[in-house]
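In what follows, a structure is listed as structure tokens, so that the remarks can point back to it.
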Amino acid sequence: MGVVPLKDIVDPAFAARYGVPAINIFNDLTMEAVLAAAEEANSPVILQTSVKTVRSIGSRQLFDMWQSLTSGIHVPVTLHLDHCPDRDVVTECLKAGWNSVLFDASNLPVEENQRQTIEVVAEARRYGAQVEGEIEAITGVEDDHGSDDVAQQQSLDTALNFIDATGIDVFAPSIGNAHGSYKAAPVLDVGRVTEIVEARNIPIALHGGSGLSPEQFADLIARGCAKVNISTALKETYMQSSLAFLKQAEQNNKWDPPSLFKHTRADIVAMVTELTGQFGSAGKGGR
């Protein structure tokens, strides 16, 4: 299958009610490990980059890595720019070859958010790319973006009007979900997902997936959350796996970076493979 448009991944998932992991990577090791896990599980995957990662590595270097690592891949994969409020970065990534973007103007009045999102959708279409949109901030700070203030919901009519006017391909509502680590079990407004899907039949993006229970995933995916965002869980796996290895290396006074990378990669592959099982996407890779 290889690299495909975002719609080629989320639309089948939405129709069949399984979820696709949308995982934020931040270097070459995490990119390779997530793609390897997708191959191992025969699952589609959405590989996401934050604005912070684009700026720290560079869009050209990131896309070169992406092209190299996806050459010959047998499952559907796509490259997505996550939570980007900066129109210049949106344009930069679309020109470089990203398959989709989340233009995040949730800090603006809905009318201005809508006006600019219409422009971003038109721009993305010129590159054969898709757009995810949102009108409400997701609570929490992720990669220097966002706020810990509790997100406020807009009315259902406002959400539906935004979807209709902009022509976005995926919608990300605020339902009590949050970026980062949950300090307590979240109380999710799952009915809002059902209301939006029943009214507009649009794939929903579930943000703040790290820390939700398998039961919450199953319920939300069944309601139409076809894209399930995971960021914090990968960061924690990467850091904790590396820390555990380094503590053992210190104890043994044996310092071997390739062994560290192999150890951390294995833990990331295991984490992503487990997610594909929870989301029902394992075996959906088309092979």
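As shown in the structure tokens, the chain order sets the letters A, B, ...; within each chain, residues go from 1, and ligands are also counted from 1 in the order they appear.
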- Can you list, as number ranges by chain, every protein, DNA or RNA residue that comes within 12 Å of Gly72 in chain A when you count only C-alpha atoms, leaving out same-chain residues fewer than 6 positions away? A: 1-3, 35-36, 39, 66
If you keep C-alpha atoms, can you produce a file of those selected residues as a short mmCIF file (atom, residue, chain, number, x, y, z; two decimals), in the first residue's frame?
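Produced file out-v5.cif, reproduced below:
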```
data_model
loop_
_atom_site.label_atom_id
_atom_site.label_comp_id
_atom_site.auth_asym_id
_atom_site.auth_seq_id
_atom_site.Cartn_x
_atom_site.Cartn_y
_atom_site.Cartn_z
CA MET A 1 0.00 0.00 0.00
CA GLY A 2 2.54 2.60 1.12
CA VAL A 3 1.94 6.33 1.53
CA LEU A 35 6.33 2.34 11.08
CA ALA A 36 7.89 -1.02 11.95
CA GLU A 39 4.10 -3.40 9.50
CA TRP A 66 9.79 9.87 5.93
#
```
- Test item: residues at most 9 Å from Ala16 in chain A, only C-alpha atoms, excluding those fewer than 4 positions along its chain, as an NGL selection string: :A and (11-12 or 222)
Go ahead and write the selection's residues with C-alpha atoms as a PDB file, in the first residue's frame.
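Produced file selection.pdb, reproduced below:
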```pdb
ATOM      1  CA  ASP A  11     -12.672   6.749   5.763  1.00  0.00           C
ATOM      2  CA  PRO A  12     -12.445   2.912   5.786  1.00  0.00           C
ATOM      3  CA  ALA A 222     -17.703   2.543  17.857  1.00  0.00           C
TER       4      ALA A 222
END
```
- Query: If we count only C-alpha atoms, what is near range 236-242 of chain A at a cut-off of 8 Å, once residues fewer than 4 positions away on the same chain are taken out, given as an MDAnalysis selection string?
  - Reply: chainID A and resid 232 246 260 263:264 267:268 271
Could you write out the selected residues, including N, CA and C atoms, as a compact mmCIF listing (two decimals), in the first residue's frame?
```txt
# COMPACT_ATOMS: atom_id res chain seq x y z
N THR A 232 1.66 11.55 24.34
CA THR A 232 2.31 11.42 25.65
C THR A 232 2.79 9.99 25.91
N LEU A 246 19.66 2.91 30.83
CA LEU A 246 20.83 3.68 31.28
C LEU A 246 21.16 3.39 32.75
N LEU A 260 21.29 0.62 23.51
CA LEU A 260 20.25 1.50 24.05
C LEU A 260 19.16 1.73 23.01
N HIS A 263 17.02 -1.38 22.50
CA HIS A 263 16.13 -1.61 23.65
C HIS A 263 14.92 -0.67 23.59
N THR A 264 15.16 0.60 23.36
CA THR A 264 14.08 1.58 23.33
C THR A 264 13.16 1.33 22.14
N ASP A 267 10.67 -1.46 22.85
CA ASP A 267 9.57 -1.07 23.72
C ASP A 267 8.54 -0.22 22.98
N ILE A 268 9.00 0.63 22.06
CA ILE A 268 8.06 1.43 21.27
C ILE A 268 7.25 0.55 20.33
N MET A 271 4.58 -1.14 22.31
CA MET A 271 3.51 -0.24 22.69
C MET A 271 2.55 0.02 21.53
```
- Message: Can you pull out the residues contacting range 200-208 of chain A? Cut-off 10 Å, using only C-alpha atoms, and skip same-chain residues under 6 positions away; I want them as a VMD selection string.
- Response: chain A and resid 7 10 to 15 17 19 to 22 132 to 134 138 to 140 142 160 163 to 164 168 to 182 193 to 194 217 220 to 221 223 to 233
- Message: If DSSP is run on the backbone, what residues of range 16-194 of chain A are strand (DSSP E)? A reply as a PyMOL selection string would be ideal.
- Response: chain A and resi 20-24+45-49+76-84+100-103+130-133+140-142+145-147+170-171
Residue selection dump (C-alpha atoms) as an mmCIF file, in the first residue's frame:
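Below you can see part.cif, which holds the result:
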```cif
data_model
loop_
_atom_site.group_PDB
_atom_site.id
_atom_site.type_symbol
_atom_site.label_atom_id
_atom_site.label_comp_id
_atom_site.auth_asym_id
_atom_site.auth_seq_id
_atom_site.Cartn_x
_atom_site.Cartn_y
_atom_site.Cartn_z
ATOM 1 C CA VAL A 20 -6.238 4.079 13.540
ATOM 2 C CA PRO A 21 -3.332 5.126 15.779
ATOM 3 C CA ALA A 22 -2.198 8.679 14.998
ATOM 4 C CA ILE A 23 1.149 8.853 16.753
ATOM 5 C CA ASN A 24 3.355 11.898 17.284
ATOM 6 C CA VAL A 45 -0.926 4.238 10.870
ATOM 7 C CA ILE A 46 -1.012 8.033 10.835
ATOM 8 C CA LEU A 47 2.396 9.454 11.653
ATOM 9 C CA GLN A 48 2.157 12.916 13.174
ATOM 10 C CA THR A 49 4.640 15.730 13.636
ATOM 11 C CA PRO A 76 -1.185 2.304 4.449
ATOM 12 C CA VAL A 77 0.644 5.202 6.102
ATOM 13 C CA THR A 78 0.225 8.951 5.960
ATOM 14 C CA LEU A 79 2.102 12.006 7.269
ATOM 15 C CA HIS A 80 0.096 14.548 9.279
ATOM 16 C CA LEU A 81 0.950 17.939 10.785
ATOM 17 C CA ASP A 82 -0.626 18.104 14.240
ATOM 18 C CA HIS A 83 -2.050 21.200 16.024
ATOM 19 C CA CYS A 84 -0.571 23.948 13.890
ATOM 20 C CA SER A 100 -2.669 16.355 5.820
ATOM 21 C CA VAL A 101 -2.666 19.119 8.419
ATOM 22 C CA LEU A 102 -4.597 20.109 11.521
ATOM 23 C CA PHE A 103 -4.996 23.858 11.280
ATOM 24 C CA GLN A 130 -6.622 16.820 3.566
ATOM 25 C CA VAL A 131 -7.458 18.977 6.589
ATOM 26 C CA GLU A 132 -8.519 18.247 10.145
ATOM 27 C CA GLY A 133 -10.312 21.073 11.893
ATOM 28 C CA GLY A 140 -3.544 20.684 28.232
ATOM 29 C CA VAL A 141 -0.184 21.715 26.823
ATOM 30 C CA GLU A 142 1.479 19.501 24.198
ATOM 31 C CA HIS A 145 1.066 24.410 22.330
ATOM 32 C CA GLY A 146 -2.205 24.738 24.217
ATOM 33 C CA SER A 147 -3.379 25.706 27.690
ATOM 34 C CA VAL A 170 -11.900 15.139 9.935
ATOM 35 C CA PHE A 171 -13.328 16.968 12.948
#
```
- Item | Coordinates-based distance that separates CA of Gly211 in chain A from CA of Phe162 in chain A (Å, one decimal) |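 Interatomic distance here is 29.1 Å.
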- Write out as JSON, numbers by chain all residues of range 57-194 of chain A that DSSP puts in helix (DSSP H, G or I) for this structure's backbone. {"A": [57, 59, 60, 61, 62, 63, 64, 65, 66, 67, 68, 69, 70, 87, 88, 89, 90, 91, 92, 93, 94, 95, 96, 110, 111, 112, 113, 114, 115, 116, 117, 118, 119, 120, 121, 122, 123, 124, 125, 126, 156, 157, 158, 159, 160, 161, 162, 163, 164, 165, 166, 190, 191, 192, 193, 194]}
